[in-house]
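Notes follow the structure.
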Amino acid sequence: MRSLAEPLIALIVAVVLQIIWRSTPSYLNDLFNFLSVGVIYIAASRGERVGAVVGSLAGLIQDSLTLRVLGLAGLTKTCLGFGVGLVFRKLNLQPFERKLLAFTLAAFLETLIWSGLAFLIFAMTPPAWSLAFWLQPLTSGFVASVCFQLRNRWATEESA
Amino acid sequence: MALPLKERKSFLLFLLLSLGNVILISMQVPRGEDQTLLKKAILAGLTPLQAAAVWTGRGIANFWESYLLWRDIRTQNQNLREENFFLRQENTILKNVLQKLEEEVKIRERLARFSSSIIVASVIGTDAGNIYKSLIINRGRRHEIKPDMVVLDPQGNLLGRVISPVLEWTSRVQLLTDETSGVGAITATKGVMGILRGDGRGRCLLDYVLLSSPEIEVGEEVLTSGMDKIYPAGLPDGRISSVKSDGSLFKKISVEPYFRLNGLVQVAVIPFDLKNF
């Protein structure tokens, strides 16, 4: 039961934060994508399978919240969840810097795929001129790394 | 090299999920804005949750604010802001109506009717791709919102129009600054007409103004012309910020819209045709 509770709570927290963060228009709206943070965190802690499922769910929620094309973020976040889960299992990403680099790269790839698909299929131009948009992968990677680090510390303290 | 069974299962799951999403996307191509039954069902289920979360978040924030501020001052301020909101809307319409030189009594009657029928909506979400494209508001079919209804900011400046999908409790507003929006516009002093469209970066461009048209000055006001049959004539859009020539037949005119997106919380939806007002 606990194995299900953590990803579920993380997803709910991410959804609530994302809704509140984007509820008022601001130039900084693009700076954080809490759903990406949630997917990275869950994928790294639970593996690629859970990562893919949660990624798909989170993506569909993101699409629904913005009343946009359903499945676009669903697909990219599925890739994000699966990719992060797989890479995290295969490589040693325990040091904080490695985690930060891997998570940022994964989030950057997600942004690129989302922008490409949105542009090619639906002629939706991504805000390439926005600094916040390009900083989003870095902030997502950083927040996810910090959350994961805190989780590890908490787990170590609990087992001790 | 064959993959272990566990990894194969993971890949299979990944492929299935990706396929599911691709099917979802393909169901919306090429008419990406249309609603499928599935989309309607998912959106209908999720948007009330979105509205509830925003409502709760703002409620908590408001509670904290109220705790810090004197209660009476806050109430008074809120009343004044509300009054101000309606007054600004009235002012915009009043300008239009006065231009038509109608009788004072008729104007009063119409203004009273106008004030009571404005739908005040809260912004509950922004566009995932680009904040200058669209907004999501907490009013929908239940509040008699329909596509193409005109939306103004609290100062009475044109913000955009309601577009599909209009759901039960929420709807989407296409902003003036969206690249795919188009508004019939006219400059206030020289009366030069053109099509106002967004550049997707928070500004607008006044297109199809011939080089041979009268000289337009920077700072001149741009209003809706009413030629598009959606927006009524005379609504303030913005000011000319630059006029250039790029060697084509048309002038390259930039317009700074009046509305400010940053921190926009409340908007006014006009639930009737202002052209017949």
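In the structure tokens, chains take letters A, B, ... by order of appearance, with residues numbered from 1 within each chain and ligands from 1 in the order shown.
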*Distance filter 6 Å, only C-alpha atoms, chain A against chain B, as a ChimeraX atom specification*: /A:20,22-26,49,64,66,71,74-75,126-127
Could you save the residues just selected, with C-alpha atoms, as an mmCIF file, in the first residue's frame?
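New file result.cif:
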data_model
loop_
_atom_site.group_PDB
_atom_site.id
_atom_site.type_symbol
_atom_site.label_atom_id
_atom_site.label_comp_id
_atom_site.auth_asym_id
_atom_site.auth_seq_id
_atom_site.Cartn_x
_atom_site.Cartn_y
_atom_site.Cartn_z
ATOM 1 C CA ILE A 20 -1.847 27.204 -8.152
ATOM 2 C CA ARG A 22 -0.372 28.799 -13.227
ATOM 3 C CA SER A 23 -3.594 30.246 -11.826
ATOM 4 C CA THR A 24 -2.439 33.860 -12.174
ATOM 5 C CA PRO A 25 -0.720 34.983 -15.367
ATOM 6 C CA SER A 26 2.881 35.966 -14.772
ATOM 7 C CA ARG A 49 7.332 1.317 -15.207
ATOM 8 C CA SER A 64 -6.572 18.875 -19.582
ATOM 9 C CA THR A 66 -4.730 23.966 -20.183
ATOM 10 C CA GLY A 71 -2.028 13.514 -25.419
ATOM 11 C CA GLY A 74 0.899 12.803 -22.162
ATOM 12 C CA LEU A 75 3.335 11.414 -24.713
ATOM 13 C CA PRO A 126 6.611 27.568 -28.353
ATOM 14 C CA PRO A 127 7.799 30.737 -26.579
#
Which residues are close to segment 150-153 of chain A, i.e. within 12 Å by only C-alpha atoms, leaving aside same-chain residues fewer than 6 positions away? Reply as an mmCIF file with N, CA and C atoms, in the first residue's frame.
data_model
loop_
_atom_site.group_PDB
_atom_site.id
_atom_site.type_symbol
_atom_site.label_atom_id
_atom_site.label_comp_id
_atom_site.auth_asym_id
_atom_site.auth_seq_id
_atom_site.Cartn_x
_atom_site.Cartn_y
_atom_site.Cartn_z
ATOM 1 N N GLU A 6 3.194 6.711 -2.049
ATOM 2 C CA GLU A 6 4.194 7.758 -2.306
ATOM 3 C C GLU A 6 4.046 8.401 -3.691
ATOM 4 N N ALA A 10 2.808 12.198 -4.309
ATOM 5 C CA ALA A 10 3.707 13.092 -5.064
ATOM 6 C C ALA A 10 2.981 13.676 -6.270
ATOM 7 N N TYR A 41 10.788 12.818 -10.136
ATOM 8 C CA TYR A 41 10.962 12.311 -8.769
ATOM 9 C C TYR A 41 10.423 10.880 -8.638
ATOM 10 N N ILE A 42 9.214 10.674 -9.153
ATOM 11 C CA ILE A 42 8.582 9.352 -9.038
ATOM 12 C C ILE A 42 9.347 8.319 -9.870
ATOM 13 N N ALA A 44 12.478 8.327 -10.735
ATOM 14 C CA ALA A 44 13.777 8.016 -10.138
ATOM 15 C C ALA A 44 13.621 7.134 -8.912
ATOM 16 N N SER A 45 12.544 7.344 -8.179
ATOM 17 C CA SER A 45 12.384 6.560 -6.948
ATOM 18 C C SER A 45 11.681 5.227 -7.179
ATOM 19 N N GLN A 94 23.795 8.621 -7.923
ATOM 20 C CA GLN A 94 23.630 8.974 -6.512
ATOM 21 C C GLN A 94 24.189 10.360 -6.152
ATOM 22 N N PRO A 95 25.383 10.749 -6.662
ATOM 23 C CA PRO A 95 25.861 12.104 -6.316
ATOM 24 C C PRO A 95 24.893 13.177 -6.845
ATOM 25 N N PHE A 96 24.759 14.230 -6.052
ATOM 26 C CA PHE A 96 23.777 15.283 -6.373
ATOM 27 C C PHE A 96 24.021 15.889 -7.761
ATOM 28 N N VAL A 143 14.858 21.166 -8.708
ATOM 29 C CA VAL A 143 13.855 20.872 -7.660
ATOM 30 C C VAL A 143 13.721 19.361 -7.462
ATOM 31 N N ALA A 144 13.713 18.611 -8.586
ATOM 32 C CA ALA A 144 13.582 17.149 -8.475
ATOM 33 C C ALA A 144 14.799 16.564 -7.750
ATOM 34 N N SER A 159 15.766 4.508 8.658
ATOM 35 C CA SER A 159 16.293 3.145 8.797
ATOM 36 C C SER A 159 17.287 3.052 9.956
ATOM 37 N N ALA A 160 17.975 4.203 10.215
ATOM 38 C CA ALA A 160 18.921 4.217 11.333
ATOM 39 C C ALA A 160 18.134 4.246 12.640
#
_Who sits within 7 Å of segment 102-108 of chain A, only C-alpha atoms, same chain under 5 positions skipped, as a PyMOL selection string_ = chain A and resi 40+80+84+137-138+140-141
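For Lys190 of chain B, the set of protein, DNA and RNA residues having any atom at most 9 Å away, when counting only C-alpha atoms and skipping those fewer than 3 positions along the same chain, is B:Ile186, B:Thr187, B:Pro214, B:Glu215, B:Ile216, B:Glu217, B:Glu220.
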Can those selected residues be exported to a file as a tab-separated table (two decimals), in the first residue's frame so that it contains C-alpha atoms?
chain	number	residue	atom	x	y	z
B	186	ILE	CA	-8.65	51.41	-36.75
B	187	THR	CA	-6.32	54.15	-35.55
B	214	PRO	CA	-1.88	58.31	-44.27
B	215	GLU	CA	1.10	58.75	-41.95
B	216	ILE	CA	0.60	57.06	-38.58
B	217	GLU	CA	2.34	58.47	-35.54
B	220	GLU	CA	-1.63	56.94	-31.65
*When DSSP works through the backbone of this structure, what residues of segment 69-106 of chain A end up as helix (DSSP H, G or I), shown as a count of residues only?*
30
*asked:* Could you check the closest approach to Ile61 of chain A for each of A:Val15, A:Leu28, A:Val87, A:Val39 and tell me which residue wins, using only C-alpha atoms?
replied: A:Val15
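Closest approach to Leu72 of chain A among A:Phe119, A:Trp154, A:Trp134, A:Phe32 is made by A:Phe119 (distances from only C-alpha atoms).
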Leu87 of chain B: which residues within 12 Å, counting only C-alpha atoms, same-chain residues fewer than 2 positions away excluded, as a PDB file with C-alpha atoms, in the first residue's frame?
ATOM      1  CA  LEU B  80     -14.388  50.206  -3.967  1.00  0.00           C
ATOM      2  CA  ARG B  81     -12.497  47.898  -6.296  1.00  0.00           C
ATOM      3  CA  GLU B  82     -15.699  46.210  -7.342  1.00  0.00           C
ATOM      4  CA  GLU B  83     -17.357  49.559  -7.917  1.00  0.00           C
ATOM      5  CA  ASN B  84     -14.324  50.726  -9.838  1.00  0.00           C
ATOM      6  CA  PHE B  85     -14.411  47.592 -11.976  1.00  0.00           C
ATOM      7  CA  GLN B  89     -16.695  48.956 -17.970  1.00  0.00           C
ATOM      8  CA  GLU B  90     -19.453  51.558 -17.963  1.00  0.00           C
ATOM      9  CA  ASN B  91     -17.007  54.223 -18.992  1.00  0.00           C
ATOM     10  CA  THR B  92     -15.898  52.228 -22.029  1.00  0.00           C
ATOM     11  CA  ILE B  93     -19.442  51.670 -23.173  1.00  0.00           C
ATOM     12  CA  LEU B  94     -20.440  55.215 -22.325  1.00  0.00           C
ATOM     13  CA  LEU B 111     -25.947  51.464 -18.823  1.00  0.00           C
ATOM     14  CA  ALA B 112     -28.063  50.040 -16.022  1.00  0.00           C
ATOM     15  CA  PHE B 114     -25.168  46.696 -19.144  1.00  0.00           C
ATOM     16  CA  SER B 115     -23.811  46.776 -15.573  1.00  0.00           C
ATOM     17  CA  SER B 116     -26.159  44.104 -14.365  1.00  0.00           C
ATOM     18  CA  ILE B 118     -21.573  41.787 -17.223  1.00  0.00           C
ATOM     19  CA  PRO B 154     -10.728  45.424 -15.308  1.00  0.00           C
ATOM     20  CA  GLN B 155      -9.869  48.759 -16.971  1.00  0.00           C
ATOM     21  CA  GLY B 156     -12.265  48.120 -19.863  1.00  0.00           C
ATOM     22  CA  ALA B 268     -15.289  40.941 -17.634  1.00  0.00           C
TER      23      ALA B 268
END
